[in-house]
file input13.tsv (TSV, C-alpha atoms and all ligand atoms)
chain	number	residue	atom	x	y	z
A	1	MET	CA	-5.65	26.65	12.92
A	2	THR	CA	-6.61	22.96	12.98
A	3	ALA	CA	-6.07	20.55	15.89
A	4	PRO	CA	-2.86	18.55	15.46
A	5	HIS	CA	-3.18	15.01	14.16
A	6	ILE	CA	-3.15	12.46	17.00
A	7	PRO	CA	-1.19	9.37	15.92
A	8	VAL	CA	-3.36	6.23	15.96
A	9	LEU	CA	-2.23	2.97	17.63
A	10	LEU	CA	1.15	4.62	18.22
A	11	ASP	CA	2.52	2.30	20.94
A	12	GLU	CA	1.33	-0.76	19.04
A	13	VAL	CA	2.92	0.43	15.78
A	14	ILE	CA	6.25	1.18	17.48
A	15	ALA	CA	6.20	-2.20	19.25
A	16	ALA	CA	5.59	-3.88	15.88
A	17	LEU	CA	8.46	-2.04	14.18
A	18	ALA	CA	10.84	-2.56	17.14
A	19	PRO	CA	13.22	0.21	15.96
A	20	THR	CA	16.86	0.01	17.06
A	21	PRO	CA	19.50	2.73	16.83
A	22	GLY	CA	20.65	3.10	13.22
A	23	ALA	CA	17.75	1.08	11.78
A	24	VAL	CA	16.49	2.40	8.44
A	25	ILE	CA	12.72	2.77	8.43
A	26	VAL	CA	10.25	4.05	5.85
A	27	ASP	CA	7.32	6.06	7.16
A	28	ALA	CA	5.18	5.91	4.04
A	29	THR	CA	2.61	8.37	5.40
A	30	PHE	CA	4.43	11.14	7.26
A	31	GLY	CA	1.33	13.28	8.02
A	32	ALA	CA	2.14	15.26	11.17
A	33	GLY	CA	5.07	12.93	11.83
A	34	GLY	CA	3.68	11.23	14.92
A	35	TYR	CA	5.22	7.83	14.08
A	36	THR	CA	8.39	9.41	12.69
A	37	ARG	CA	8.93	11.34	15.96
A	38	ARG	CA	9.01	8.12	17.98
A	39	LEU	CA	11.19	6.34	15.41
A	40	LEU	CA	13.74	9.17	15.50
A	41	ASP	CA	13.65	9.14	19.31
A	42	ALA	CA	14.56	5.44	19.16
A	43	GLY	CA	17.63	6.31	17.07
A	44	ALA	CA	16.32	5.20	13.66
A	45	VAL	CA	16.97	6.88	10.32
A	46	VAL	CA	13.61	7.66	8.73
A	47	HIS	CA	12.77	8.00	5.05
A	48	ALA	CA	9.32	9.61	5.09
A	49	PHE	CA	6.86	9.98	2.23
A	50	ASP	CA	3.76	12.13	1.87
A	51	ARG	CA	1.98	13.09	-1.31
A	52	ASP	CA	0.60	16.19	0.43
A	53	PRO	CA	3.00	19.13	-0.04
A	54	ASP	CA	1.70	20.78	3.16
A	55	ALA	CA	2.78	17.77	5.27
A	56	ILE	CA	6.26	17.76	3.68
A	57	ALA	CA	6.65	21.54	4.11
A	58	ALA	CA	5.95	21.19	7.84
A	59	GLY	CA	8.41	18.27	8.09
A	60	ARG	CA	11.20	20.31	6.47
A	61	LEU	CA	11.27	22.47	9.62
A	62	TRP	CA	12.34	19.49	11.76
A	63	PRO	CA	16.00	19.76	12.84
A	64	GLU	CA	16.62	16.10	11.92
A	65	THR	CA	16.28	17.05	8.23
A	66	GLN	CA	19.32	19.34	8.45
A	67	GLY	CA	23.07	18.77	8.23
A	68	ASP	CA	25.32	16.48	6.21
A	69	ALA	CA	23.85	13.23	7.52
A	70	PRO	CA	20.16	13.97	8.17
A	71	ARG	CA	18.24	11.31	10.11
A	72	LEU	CA	14.96	12.37	8.49
A	73	ILE	CA	14.80	12.36	4.70
A	74	LEU	CA	11.51	13.59	3.20
A	75	TYR	CA	9.97	12.63	-0.14
A	76	PRO	CA	7.04	14.68	-1.49
A	77	ARG	CA	5.86	11.65	-3.47
A	78	ARG	CA	3.27	8.89	-3.53
A	79	PHE	CA	4.15	5.83	-1.46
A	80	SER	CA	3.56	3.59	-4.48
A	81	GLU	CA	6.83	5.08	-5.77
A	82	MET	CA	8.89	4.15	-2.70
A	83	VAL	CA	11.14	1.60	-4.42
A	84	ALA	CA	12.06	4.05	-7.20
A	85	ALA	CA	12.44	7.05	-4.87
A	86	LEU	CA	14.66	5.16	-2.41
A	87	GLY	CA	16.64	3.66	-5.30
A	88	GLU	CA	17.38	7.20	-6.55
A	89	ALA	CA	18.60	8.00	-3.01
A	90	GLY	CA	20.86	4.92	-3.02
A	91	VAL	CA	18.75	2.94	-0.51
A	92	ALA	CA	18.14	-0.65	-1.58
A	93	ARG	CA	17.15	-2.32	1.72
A	94	VAL	CA	15.26	-1.12	4.80
A	95	ASP	CA	14.54	-2.57	8.25
A	96	GLY	CA	10.94	-1.44	8.52
A	97	VAL	CA	8.03	0.06	6.60
A	98	VAL	CA	4.99	1.63	8.22
A	99	MET	CA	1.84	2.91	6.50
A	100	ASP	CA	-1.03	4.75	8.14
A	101	ILE	CA	-3.34	5.05	5.21
A	102	GLY	CA	-6.11	7.41	6.11
A	103	VAL	CA	-6.42	11.12	5.74
A	104	SER	CA	-4.84	13.32	8.39
A	105	SER	CA	-6.71	15.59	10.78
A	106	MET	CA	-5.07	18.54	9.03
A	107	GLN	CA	-6.66	17.42	5.75
A	108	LEU	CA	-10.06	16.62	7.26
A	109	ASP	CA	-10.36	19.74	9.37
A	110	GLN	CA	-9.57	22.28	6.68
A	111	PRO	CA	-12.82	22.90	4.77
A	112	GLU	CA	-10.84	24.28	1.81
A	113	ARG	CA	-9.29	20.82	1.23
A	114	GLY	CA	-12.80	19.54	0.49
A	115	PHE	CA	-12.69	16.19	2.36
A	116	ALA	CA	-15.40	16.82	4.92
A	117	PHE	CA	-19.13	17.11	4.54
A	118	ALA	CA	-19.63	18.45	8.06
A	119	SER	CA	-18.28	21.82	6.90
A	120	ASP	CA	-18.75	23.41	3.49
A	121	GLY	CA	-15.78	23.79	1.17
A	122	PRO	CA	-14.76	23.35	-2.48
A	123	LEU	CA	-15.33	19.81	-3.72
A	124	ASP	CA	-11.64	18.92	-3.92
A	125	MET	CA	-10.42	15.85	-1.90
A	126	ARG	CA	-6.99	15.67	-3.60
A	127	MET	CA	-4.32	14.70	-1.09
A	128	ALA	CA	-1.55	15.76	-3.48
A	129	GLN	CA	-3.33	19.01	-4.39
A	130	ASP	CA	-3.02	18.29	-8.11
A	131	GLY	CA	-4.74	16.25	-10.82
A	132	PRO	CA	-8.52	15.86	-11.26
A	133	SER	CA	-10.57	16.87	-8.22
A	134	ALA	CA	-13.76	15.40	-6.78
A	135	ALA	CA	-15.69	18.17	-8.58
A	136	ASP	CA	-14.09	17.17	-11.90
A	137	PHE	CA	-15.21	13.58	-11.29
A	138	VAL	CA	-18.81	14.16	-10.20
A	139	ASN	CA	-19.38	16.83	-12.89
A	140	THR	CA	-17.96	14.95	-15.88
A	141	ALA	CA	-18.17	11.18	-15.28
A	142	ASP	CA	-21.17	9.37	-16.69
A	143	GLU	CA	-23.86	8.10	-14.37
A	144	ALA	CA	-22.82	4.44	-14.58
A	145	ALA	CA	-19.19	5.26	-13.74
A	146	ILE	CA	-20.27	7.28	-10.71
A	147	ALA	CA	-22.55	4.45	-9.55
A	148	ASP	CA	-19.67	1.96	-9.91
A	149	VAL	CA	-17.36	4.08	-7.77
A	150	LEU	CA	-20.01	4.52	-5.06
A	151	PHE	CA	-20.75	0.80	-5.03
A	152	GLN	CA	-17.17	-0.49	-5.15
A	153	TYR	CA	-15.43	1.98	-2.86
A	154	GLY	CA	-18.29	3.03	-0.60
A	155	GLU	CA	-20.27	-0.22	-0.55
A	156	GLU	CA	-23.27	2.04	-1.17
A	157	ARG	CA	-26.19	-0.27	-1.91
A	158	GLN	CA	-28.23	2.55	-3.43
A	159	SER	CA	-25.39	3.63	-5.70
A	160	ARG	CA	-27.58	4.00	-8.81
A	161	ARG	CA	-30.07	6.20	-7.05
A	162	VAL	CA	-27.31	8.43	-5.66
A	163	ALA	CA	-25.51	8.61	-9.03
A	164	ARG	CA	-28.77	9.62	-10.76
A	165	ALA	CA	-29.34	12.40	-8.22
A	166	ILE	CA	-25.76	13.65	-8.62
A	167	VAL	CA	-26.04	13.81	-12.41
A	168	ALA	CA	-29.41	15.61	-12.20
A	169	ALA	CA	-27.99	18.23	-9.81
A	170	ARG	CA	-24.81	19.06	-11.78
A	171	PRO	CA	-22.75	21.19	-11.65
A	172	LEU	CA	-21.78	20.59	-8.01
A	173	GLU	CA	-19.05	22.83	-6.64
A	174	THR	CA	-19.02	22.36	-2.87
A	175	THR	CA	-18.97	19.55	-0.33
A	176	GLY	CA	-22.15	20.98	1.16
A	177	GLN	CA	-23.99	20.76	-2.17
A	178	LEU	CA	-22.88	17.16	-2.72
A	179	ALA	CA	-23.82	16.11	0.82
A	180	HIS	CA	-27.25	17.74	0.39
A	181	VAL	CA	-27.92	15.89	-2.88
A	182	ILE	CA	-26.92	12.53	-1.35
A	183	ARG	CA	-28.96	13.05	1.81
A	184	LYS	CA	-31.99	14.02	-0.27
A	185	ALA	CA	-31.61	10.95	-2.49
A	186	LEU	CA	-31.29	8.55	0.42
A	187	GLY	CA	-33.54	10.25	2.96
A	188	HIS	CA	-31.77	11.66	5.97
A	189	ARG	CA	-33.31	11.49	9.40
A	190	PRO	CA	-31.80	14.36	11.39
A	191	GLY	CA	-30.16	12.89	14.47
A	192	ALA	CA	-29.56	9.50	12.80
A	193	PRO	CA	-26.24	8.07	14.02
A	194	LYS	CA	-24.57	7.91	10.61
A	195	ASP	CA	-24.84	10.53	7.90
A	196	PRO	CA	-25.90	8.79	4.65
A	197	ALA	CA	-23.31	10.88	2.77
A	198	THR	CA	-20.43	9.13	4.62
A	199	ARG	CA	-20.20	6.14	2.25
A	200	SER	CA	-20.29	8.22	-0.93
A	201	PHE	CA	-17.71	10.71	0.34
A	202	GLN	CA	-15.39	7.82	1.22
A	203	ALA	CA	-15.92	6.30	-2.22
A	204	ILE	CA	-15.20	9.51	-4.12
A	205	ARG	CA	-12.10	10.19	-2.02
A	206	ILE	CA	-10.74	6.67	-2.69
A	207	HIS	CA	-11.38	7.12	-6.42
A	208	VAL	CA	-9.89	10.63	-6.68
A	209	ASN	CA	-6.69	9.51	-4.91
A	210	ALA	CA	-6.55	5.97	-6.44
A	211	GLU	CA	-6.11	4.79	-2.87
A	212	LEU	CA	-6.49	1.03	-3.37
A	213	ASP	CA	-4.03	0.94	-6.27
A	214	GLU	CA	-1.63	2.97	-4.15
A	215	LEU	CA	-1.95	0.48	-1.30
A	216	ASN	CA	-1.42	-2.58	-3.50
A	217	ASP	CA	1.69	-1.08	-5.11
A	218	ALA	CA	3.09	0.05	-1.76
A	219	LEU	CA	2.68	-3.41	-0.21
A	220	THR	CA	4.55	-4.96	-3.12
A	221	GLY	CA	7.23	-2.27	-2.82
A	222	ALA	CA	7.62	-2.82	0.91
A	223	GLU	CA	8.04	-6.57	0.39
A	224	ALA	CA	10.83	-5.91	-2.13
A	225	LEU	CA	12.62	-3.41	0.13
A	226	LEU	CA	12.50	-5.19	3.48
A	227	THR	CA	15.60	-6.94	4.71
A	228	PRO	CA	15.21	-10.42	6.31
A	229	GLY	CA	13.79	-9.82	9.81
A	230	GLY	CA	12.44	-6.41	8.73
A	231	ARG	CA	8.97	-5.41	9.83
A	232	LEU	CA	5.94	-4.26	7.83
A	233	ALA	CA	3.16	-2.52	9.81
A	234	VAL	CA	-0.02	-1.17	8.20
A	235	VAL	CA	-2.83	0.79	9.84
A	236	SER	CA	-6.00	0.98	7.75
A	237	PHE	CA	-9.34	2.66	8.33
A	238	HIS	CA	-11.97	0.73	6.40
A	239	SER	CA	-12.76	-2.81	5.46
A	240	LEU	CA	-11.72	-2.55	1.80
A	241	GLU	CA	-8.18	-1.63	2.79
A	242	ASP	CA	-8.00	-4.06	5.68
A	243	ARG	CA	-9.07	-6.89	3.38
A	244	ILE	CA	-6.22	-6.09	0.99
A	245	VAL	CA	-3.64	-5.96	3.81
A	246	LYS	CA	-4.92	-9.14	5.46
A	247	GLN	CA	-4.88	-11.08	2.19
A	248	PHE	CA	-1.45	-9.78	1.26
A	249	LEU	CA	0.12	-10.85	4.55
A	250	ARG	CA	-1.78	-14.13	4.64
A	251	ASP	CA	-0.67	-15.05	1.10
A	252	GLY	CA	2.87	-13.95	1.87
A	253	ALA	CA	3.04	-16.07	5.00
A	254	GLY	CA	1.31	-19.08	3.57
A	255	ALA	CA	1.17	-21.57	0.77
A	256	VAL	CA	1.71	-19.41	-2.29
A	257	PRO	CA	2.50	-21.21	-5.53
A	258	SER	CA	5.79	-20.01	-6.98
A	259	GLY	CA	4.99	-21.09	-10.57
A	260	SER	CA	3.18	-18.69	-12.86
A	261	ARG	CA	-0.57	-19.17	-13.30
A	262	HIS	CA	0.20	-19.45	-17.01
A	263	MET	CA	2.74	-22.23	-16.49
A	264	PRO	CA	1.09	-24.62	-14.05
A	265	GLN	CA	3.77	-27.25	-14.67
A	266	MET	CA	6.16	-24.93	-12.86
A	267	GLN	CA	4.02	-24.77	-9.76
A	268	ALA	CA	5.83	-25.49	-6.55
A	269	LYS	CA	5.36	-24.19	-3.10
A	270	ALA	CA	7.25	-20.92	-2.62
A	271	LEU	CA	8.93	-20.11	0.62
A	272	PRO	CA	6.89	-17.70	2.71
A	273	VAL	CA	8.00	-14.07	2.33
A	274	PHE	CA	6.45	-13.09	5.67
A	275	GLU	CA	6.24	-14.85	9.01
A	276	LYS	CA	4.35	-14.30	12.24
A	277	PRO	CA	1.58	-12.19	10.68
A	278	SER	CA	-0.35	-10.53	13.50
A	279	GLY	CA	-4.10	-10.65	13.77
A	280	ALA	CA	-6.17	-7.47	13.62
A	281	ILE	CA	-4.97	-5.11	16.35
A	282	ARG	CA	-7.59	-2.56	17.36
A	283	PRO	CA	-7.42	0.53	19.58
A	284	THR	CA	-8.24	0.17	23.26
A	285	GLU	CA	-11.43	1.74	24.56
A	286	GLU	CA	-9.27	4.33	26.27
A	287	GLU	CA	-7.71	5.32	22.94
A	288	GLU	CA	-11.10	5.49	21.24
A	289	VAL	CA	-12.36	7.87	23.90
A	290	ARG	CA	-9.23	10.01	23.73
A	291	ASN	CA	-9.19	10.01	19.90
A	292	PRO	CA	-12.54	9.18	18.24
A	293	ARG	CA	-10.80	9.05	14.85
A	294	ALA	CA	-9.01	5.90	15.99
A	295	ARG	CA	-12.32	4.03	16.16
A	296	SER	CA	-12.18	2.42	12.74
A	297	ALA	CA	-8.42	1.73	12.76
A	298	THR	CA	-6.89	-1.75	12.38
A	299	LEU	CA	-3.17	-2.54	12.58
A	300	ARG	CA	-1.66	-5.62	10.98
A	301	TRP	CA	2.04	-6.41	10.88
A	302	ALA	CA	4.44	-9.18	9.97
A	303	VAL	CA	8.14	-10.01	9.77
A	304	ARG	CA	9.92	-10.38	6.43
A	305	THR	CA	11.72	-13.66	5.81
A	306	ALA	CA	14.81	-14.15	3.65
A	307	ALA	CA	12.77	-15.60	0.73
A	308	PRO	CA	12.89	-13.68	-2.57
A	309	ALA	CA	10.07	-11.14	-3.00
A	310	ARG	CA	7.07	-12.16	-5.09
A	311	THR	CA	6.29	-10.54	-8.40
A	312	SER	CA	2.81	-9.11	-8.91
A	313	ASP	CA	1.56	-12.43	-10.36
A	314	GLY	CA	2.68	-14.40	-7.31
A	315	ARG	CA	5.95	-15.80	-8.68
A	316	ALA	CA	9.14	-15.51	-6.69
A	317	MET	CA	11.56	-12.93	-8.05
A	318	ALA	CA	15.04	-14.07	-9.07
A	401	LIG	C1	-3.36	9.35	8.65
A	401	LIG	S1	-2.17	10.45	8.01
A	401	LIG	C2	-0.68	9.89	8.73
A	401	LIG	C3	-0.45	10.40	10.11
A	401	LIG	C4	0.90	10.05	10.70
A	401	LIG	N1	1.04	8.61	10.93
A	401	LIG	C5	1.12	10.79	12.01
A	401	LIG	O1	1.26	10.13	13.04
A	401	LIG	O2	1.14	12.02	11.98
A	401	LIG	C6	-2.01	9.88	6.37
A	401	LIG	C7	-1.06	10.71	5.52
A	401	LIG	O3	-0.71	9.90	4.41
A	401	LIG	C8	-0.68	10.66	3.25
A	401	LIG	N2	-0.95	9.75	2.14
A	401	LIG	C9	-2.08	9.07	1.90
A	401	LIG	N3	-1.95	8.33	0.79
A	401	LIG	C10	-0.69	8.53	0.32
A	401	LIG	C11	0.05	8.03	-0.78
A	401	LIG	N4	-0.49	7.18	-1.64
A	401	LIG	N5	1.32	8.43	-0.92
A	401	LIG	C12	1.90	9.29	-0.04
A	401	LIG	N6	1.23	9.81	1.02
A	401	LIG	C13	-0.04	9.44	1.20
A	401	LIG	C14	-1.75	11.72	3.45
A	401	LIG	O4	-1.46	12.86	2.67
A	401	LIG	C15	-1.66	11.99	4.95
A	401	LIG	O5	-0.83	13.08	5.23
call {"tool": "encode", "arguments": {"input": "input13.tsv", "output": "structure tokens"}}
result
Amino acid sequence: MTAPHIPVLLDEVIAALAPTPGAVIVDATFGAGGYTRRLLDAGAVVHAFDRDPDAIAAGRLWPETQGDAPRLILYPRRFSEMVAALGEAGVARVDGVVMDIGVSSMQLDQPERGFAFASDGPLDMRMAQDGPSAADFVNTADEAAIADVLFQYGEERQSRRVARAIVAARPLETTGQLAHVIRKALGHRPGAPKDPATRSFQAIRIHVNAELDELNDALTGAEALLTPGGRLAVVSFHSLEDRIVKQFLRDGAGAVPSGSRHMPQMQAKALPVFEKPSGAIRPTEEEEVRNPRARSATLRWAVRTAAPARTSDGRAMA
């Protein structure tokens, strides 16, 4: 039995979303439902996504999923698909979207899910429990591709050295084996504050789950779905994700050209699609003590304007 997931920045997220009775809100990352619980308590209707079938199975036991007019509707899908999934359910506009884009404690604490290097388990790391696993990647990708992933998604400066060691040690089947190879390649001082395997594990997890593509698509989807005055709130756990969120909200709230890059003559200033973007909101010291996993979290949020949503190349949609 794993410890339940403690929701991160919960009060701050709920304050950002400002749910009112009857509001329709998307919880893009249901997890253990910590945010959803508070949204339901405020009277909102919640459409919740999780690509992990275990999270959805637990959510199906909630009484709010039952009856003719359930207030909690669950989607065992990726959040990049939220526009399509909600469209199929007849929902075209929502009042809020929240994303909490890490892994859950349930995922991290179960060695058999293969996310953690502190305990030994199969080298898996798939949130959705299907598709190619971390073992498939490290055992079949060529050395240069592995080095690229470690460098881009883990900001591992010694990515080539680590990739060489991984390829030389193949096949790798467990998280323990992979962690050992990385520590040996980089030199691990026992008792050092940060395990040298941390960066590579993060990188491989991001790659296996296509996490940055998911985030980009979900931000675009949220912008298209939000009603004027609707709120977007995103909690991220590392700098790569936070950079994407910050840039997205900054561009959306600022001077974005509405003409296509390919048709500069059409360039004109588009109306901002977001207003009042928050700065980086970080957990209090008290929260960090109570929940060490909150330490790297950053919340950013903003309010949707009435301007038409942008397309992926920055143009306003008709
Ligand atoms: C940090 S947990 C969310 C915890 C939740 N806010 C709570 O309070 O219980 C992140 C969850 O998002 C899910 N997830 C991550 N990426 C996803 C994606 N692209 N699509 C759908 N779910 C995703 C994970 O499976 C995990 O259950």
call {"tool": "atom_distance", "arguments": {"input": "input13.tsv", "atom1": "CA of Thr140 in chain A", "atom2": "CA of Thr174 in chain A"}}
result
15.0 Å
call {"tool": "closest_residue", "arguments": {"input": "input13.tsv", "among": "A:Gly90, A:Gly96, A:Pro171, A:Gly67", "to": "Ala15 in chain A", "atoms": "only C-alpha atoms"}}
result
A:Gly96
call {"tool": "closest_residue", "arguments": {"input": "input13.tsv", "among": "A:Ala84, A:Ala42, A:Ala218, A:Leu123", "to": "ligand LIG 401 (chain A)", "atoms": "all atoms listed in the file"}}
result
A:Ala218
call {"tool": "residues_around", "arguments": {"input": "input13.tsv", "residues": "Asp217 in chain A", "least_positions_apart": "5", "cutoff": "12 Å", "atoms": "only C-alpha atoms", "output": "PyMOL selection string"}}
result
chain A and resi 78-84+210-212+222-224+244-245+248+311-312
call {"tool": "closest_atom_pairs", "arguments": {"input": "input13.tsv", "of": "chain A", "to": "ligand LIG 401 (chain A)", "cutoff": "9 Å", "atoms": "all atoms listed in the file", "output": "tab-separated table"}}
result
residue	atom	partner	partner_atom	distance
A:Pro4	CA	A:LIG401	O2	8.4
A:His5	CA	A:LIG401	O2	5.7
A:Ile6	CA	A:LIG401	O1	6.4
A:Pro7	CA	A:LIG401	O1	3.9
A:Val8	CA	A:LIG401	O1	6.7
A:Leu10	CA	A:LIG401	O1	7.6
A:Asp27	CA	A:LIG401	N1	7.8
A:Ala28	CA	A:LIG401	C12	6.2
A:Thr29	CA	A:LIG401	O3	3.8
A:Phe30	CA	A:LIG401	C4	5.0
A:Gly31	CA	A:LIG401	O5	3.5
A:Ala32	CA	A:LIG401	O2	3.5
A:Gly33	CA	A:LIG401	O2	4.0
A:Gly34	CA	A:LIG401	O1	3.3
A:Tyr35	CA	A:LIG401	O1	4.7
A:Thr36	CA	A:LIG401	O1	7.2
A:Arg37	CA	A:LIG401	O1	8.3
A:Phe49	CA	A:LIG401	C12	5.5
A:Asp50	CA	A:LIG401	N6	3.5
A:Arg51	CA	A:LIG401	C12	4.0
A:Asp52	CA	A:LIG401	O4	4.5
A:Pro53	CA	A:LIG401	O4	8.2
A:Asp54	CA	A:LIG401	O5	8.4
A:Ala55	CA	A:LIG401	O5	5.9
A:Ile56	CA	A:LIG401	O5	8.6
A:Tyr75	CA	A:LIG401	C12	8.7
A:Pro76	CA	A:LIG401	C12	7.6
A:Arg77	CA	A:LIG401	C12	5.7
A:Arg78	CA	A:LIG401	N5	3.3
A:Phe79	CA	A:LIG401	N5	3.9
A:Ser80	CA	A:LIG401	N4	6.1
A:Glu81	CA	A:LIG401	N5	8.1
A:Met82	CA	A:LIG401	N5	8.9
A:Val98	CA	A:LIG401	N1	8.5
A:Met99	CA	A:LIG401	N1	7.3
A:Asp100	CA	A:LIG401	C1	5.2
A:Ile101	CA	A:LIG401	C6	5.1
A:Gly102	CA	A:LIG401	C1	4.2
A:Val103	CA	A:LIG401	C1	4.6
A:Ser104	CA	A:LIG401	S1	3.9
A:Ser105	CA	A:LIG401	C1	7.4
A:Met106	CA	A:LIG401	O5	7.9
A:Gln107	CA	A:LIG401	O5	7.3
A:Arg126	CA	A:LIG401	O4	8.8
A:Met127	CA	A:LIG401	O4	5.1
A:Ala128	CA	A:LIG401	O4	6.8
A:Asn209	CA	A:LIG401	N4	7.4
A:Ala210	CA	A:LIG401	N4	7.8
A:Glu211	CA	A:LIG401	N4	6.2
A:Leu212	CA	A:LIG401	N4	8.8
A:Asp213	CA	A:LIG401	N4	8.5
A:Glu214	CA	A:LIG401	N4	5.0
A:Leu215	CA	A:LIG401	N4	6.9
A:Ala218	CA	A:LIG401	N4	8.0
A:Val235	CA	A:LIG401	C1	8.7
A:Ser236	CA	A:LIG401	C1	8.8
A:Phe237	CA	A:LIG401	C1	9.0
call {"tool": "atom_distance", "arguments": {"input": "input13.tsv", "atom1": "CA of Glu288 in chain A", "atom2": "CA of Glu12 in chain A"}}
result
14.1 Å
call {"tool": "axis_aligned_box", "arguments": {"input": "input13.tsv", "around": "range 145-155 of chain A", "padding_each_side": "6 Å", "output": "lines of an AutoDock Vina configuration file"}}
result
center_x = -19.0
center_y = 3.4
center_z = -7.1
size_x = 19.1
size_y = 19.8
size_z = 25.2
call {"tool": "residues_near_point", "arguments": {"input": "input13.tsv", "point": "(4.1, -15.1, 8.0)", "cutoff": "6 Å", "atoms": "only C-alpha atoms", "output": "MDAnalysis selection string"}}
result
chainID A and resid 253 274:277
call {"tool": "write_last_selection", "arguments": {"input": "input13.tsv", "atoms": "C-alpha atoms", "output": "short mmCIF file (atom, residue, chain, number, x, y, z; two decimals), in the coordinates of the input"}}
result
data_model
loop_
_atom_site.label_atom_id
_atom_site.label_comp_id
_atom_site.auth_asym_id
_atom_site.auth_seq_id
_atom_site.Cartn_x
_atom_site.Cartn_y
_atom_site.Cartn_z
CA ALA A 253 3.04 -16.07 5.00
CA PHE A 274 6.45 -13.09 5.67
CA GLU A 275 6.24 -14.85 9.01
CA LYS A 276 4.35 -14.30 12.24
CA PRO A 277 1.58 -12.19 10.68
#
call {"tool": "residues_near_point", "arguments": {"input": "input13.tsv", "point": "(3.2, -17.1, 0.9)", "cutoff": "7 Å", "atoms": "only C-alpha atoms", "output": "number ranges by chain"}}
result
A: 250-256, 270-273
call {"tool": "decode", "arguments": {"input": "input13.tsv", "residues": "range 189-201 of chain A", "atoms": "N, CA and C atoms", "output": "PDB file, in the first residue's frame"}}
result
ATOM      1  N   ARG A 189      29.402   9.874  -5.175  1.00  0.00           N
ATOM      2  CA  ARG A 189      29.900   9.924  -3.798  1.00  0.00           C
ATOM      3  C   ARG A 189      28.742   9.560  -2.884  1.00  0.00           C
ATOM      4  N   PRO A 190      28.843   8.434  -2.157  1.00  0.00           N
ATOM      5  CA  PRO A 190      27.749   8.107  -1.245  1.00  0.00           C
ATOM      6  C   PRO A 190      27.536   9.264  -0.281  1.00  0.00           C
ATOM      7  N   GLY A 191      26.311   9.604  -0.045  1.00  0.00           N
ATOM      8  CA  GLY A 191      26.011  10.719   0.868  1.00  0.00           C
ATOM      9  C   GLY A 191      25.926  12.058   0.153  1.00  0.00           C
ATOM     10  N   ALA A 192      26.268  12.096  -1.147  1.00  0.00           N
ATOM     11  CA  ALA A 192      26.142  13.361  -1.898  1.00  0.00           C
ATOM     12  C   ALA A 192      24.664  13.742  -1.928  1.00  0.00           C
ATOM     13  N   PRO A 193      24.367  15.072  -1.900  1.00  0.00           N
ATOM     14  CA  PRO A 193      22.964  15.470  -1.767  1.00  0.00           C
ATOM     15  C   PRO A 193      22.087  15.004  -2.924  1.00  0.00           C
ATOM     16  N   LYS A 194      22.616  14.994  -4.134  1.00  0.00           N
ATOM     17  CA  LYS A 194      21.750  14.617  -5.256  1.00  0.00           C
ATOM     18  C   LYS A 194      22.323  13.388  -5.969  1.00  0.00           C
ATOM     19  N   ASP A 195      21.476  12.404  -6.176  1.00  0.00           N
ATOM     20  CA  ASP A 195      21.914  11.201  -6.879  1.00  0.00           C
ATOM     21  C   ASP A 195      22.162  11.570  -8.346  1.00  0.00           C
ATOM     22  N   PRO A 196      23.319  11.191  -8.904  1.00  0.00           N
ATOM     23  CA  PRO A 196      23.602  11.573 -10.302  1.00  0.00           C
ATOM     24  C   PRO A 196      22.639  10.931 -11.305  1.00  0.00           C
ATOM     25  N   ALA A 197      21.902   9.896 -10.855  1.00  0.00           N
ATOM     26  CA  ALA A 197      20.948   9.255 -11.780  1.00  0.00           C
ATOM     27  C   ALA A 197      19.676  10.078 -11.959  1.00  0.00           C
ATOM     28  N   THR A 198      19.446  11.078 -11.084  1.00  0.00           N
ATOM     29  CA  THR A 198      18.190  11.839 -11.104  1.00  0.00           C
ATOM     30  C   THR A 198      17.917  12.432 -12.492  1.00  0.00           C
ATOM     31  N   ARG A 199      18.906  13.106 -13.055  1.00  0.00           N
ATOM     32  CA  ARG A 199      18.700  13.817 -14.325  1.00  0.00           C
ATOM     33  C   ARG A 199      18.362  12.845 -15.459  1.00  0.00           C
ATOM     34  N   SER A 200      19.078  11.717 -15.499  1.00  0.00           N
ATOM     35  CA  SER A 200      18.830  10.766 -16.591  1.00  0.00           C
ATOM     36  C   SER A 200      17.473  10.091 -16.438  1.00  0.00           C
ATOM     37  N   PHE A 201      17.081   9.770 -15.201  1.00  0.00           N
ATOM     38  CA  PHE A 201      15.760   9.169 -15.002  1.00  0.00           C
ATOM     39  C   PHE A 201      14.664  10.140 -15.441  1.00  0.00           C
TER      40      PHE A 201
END
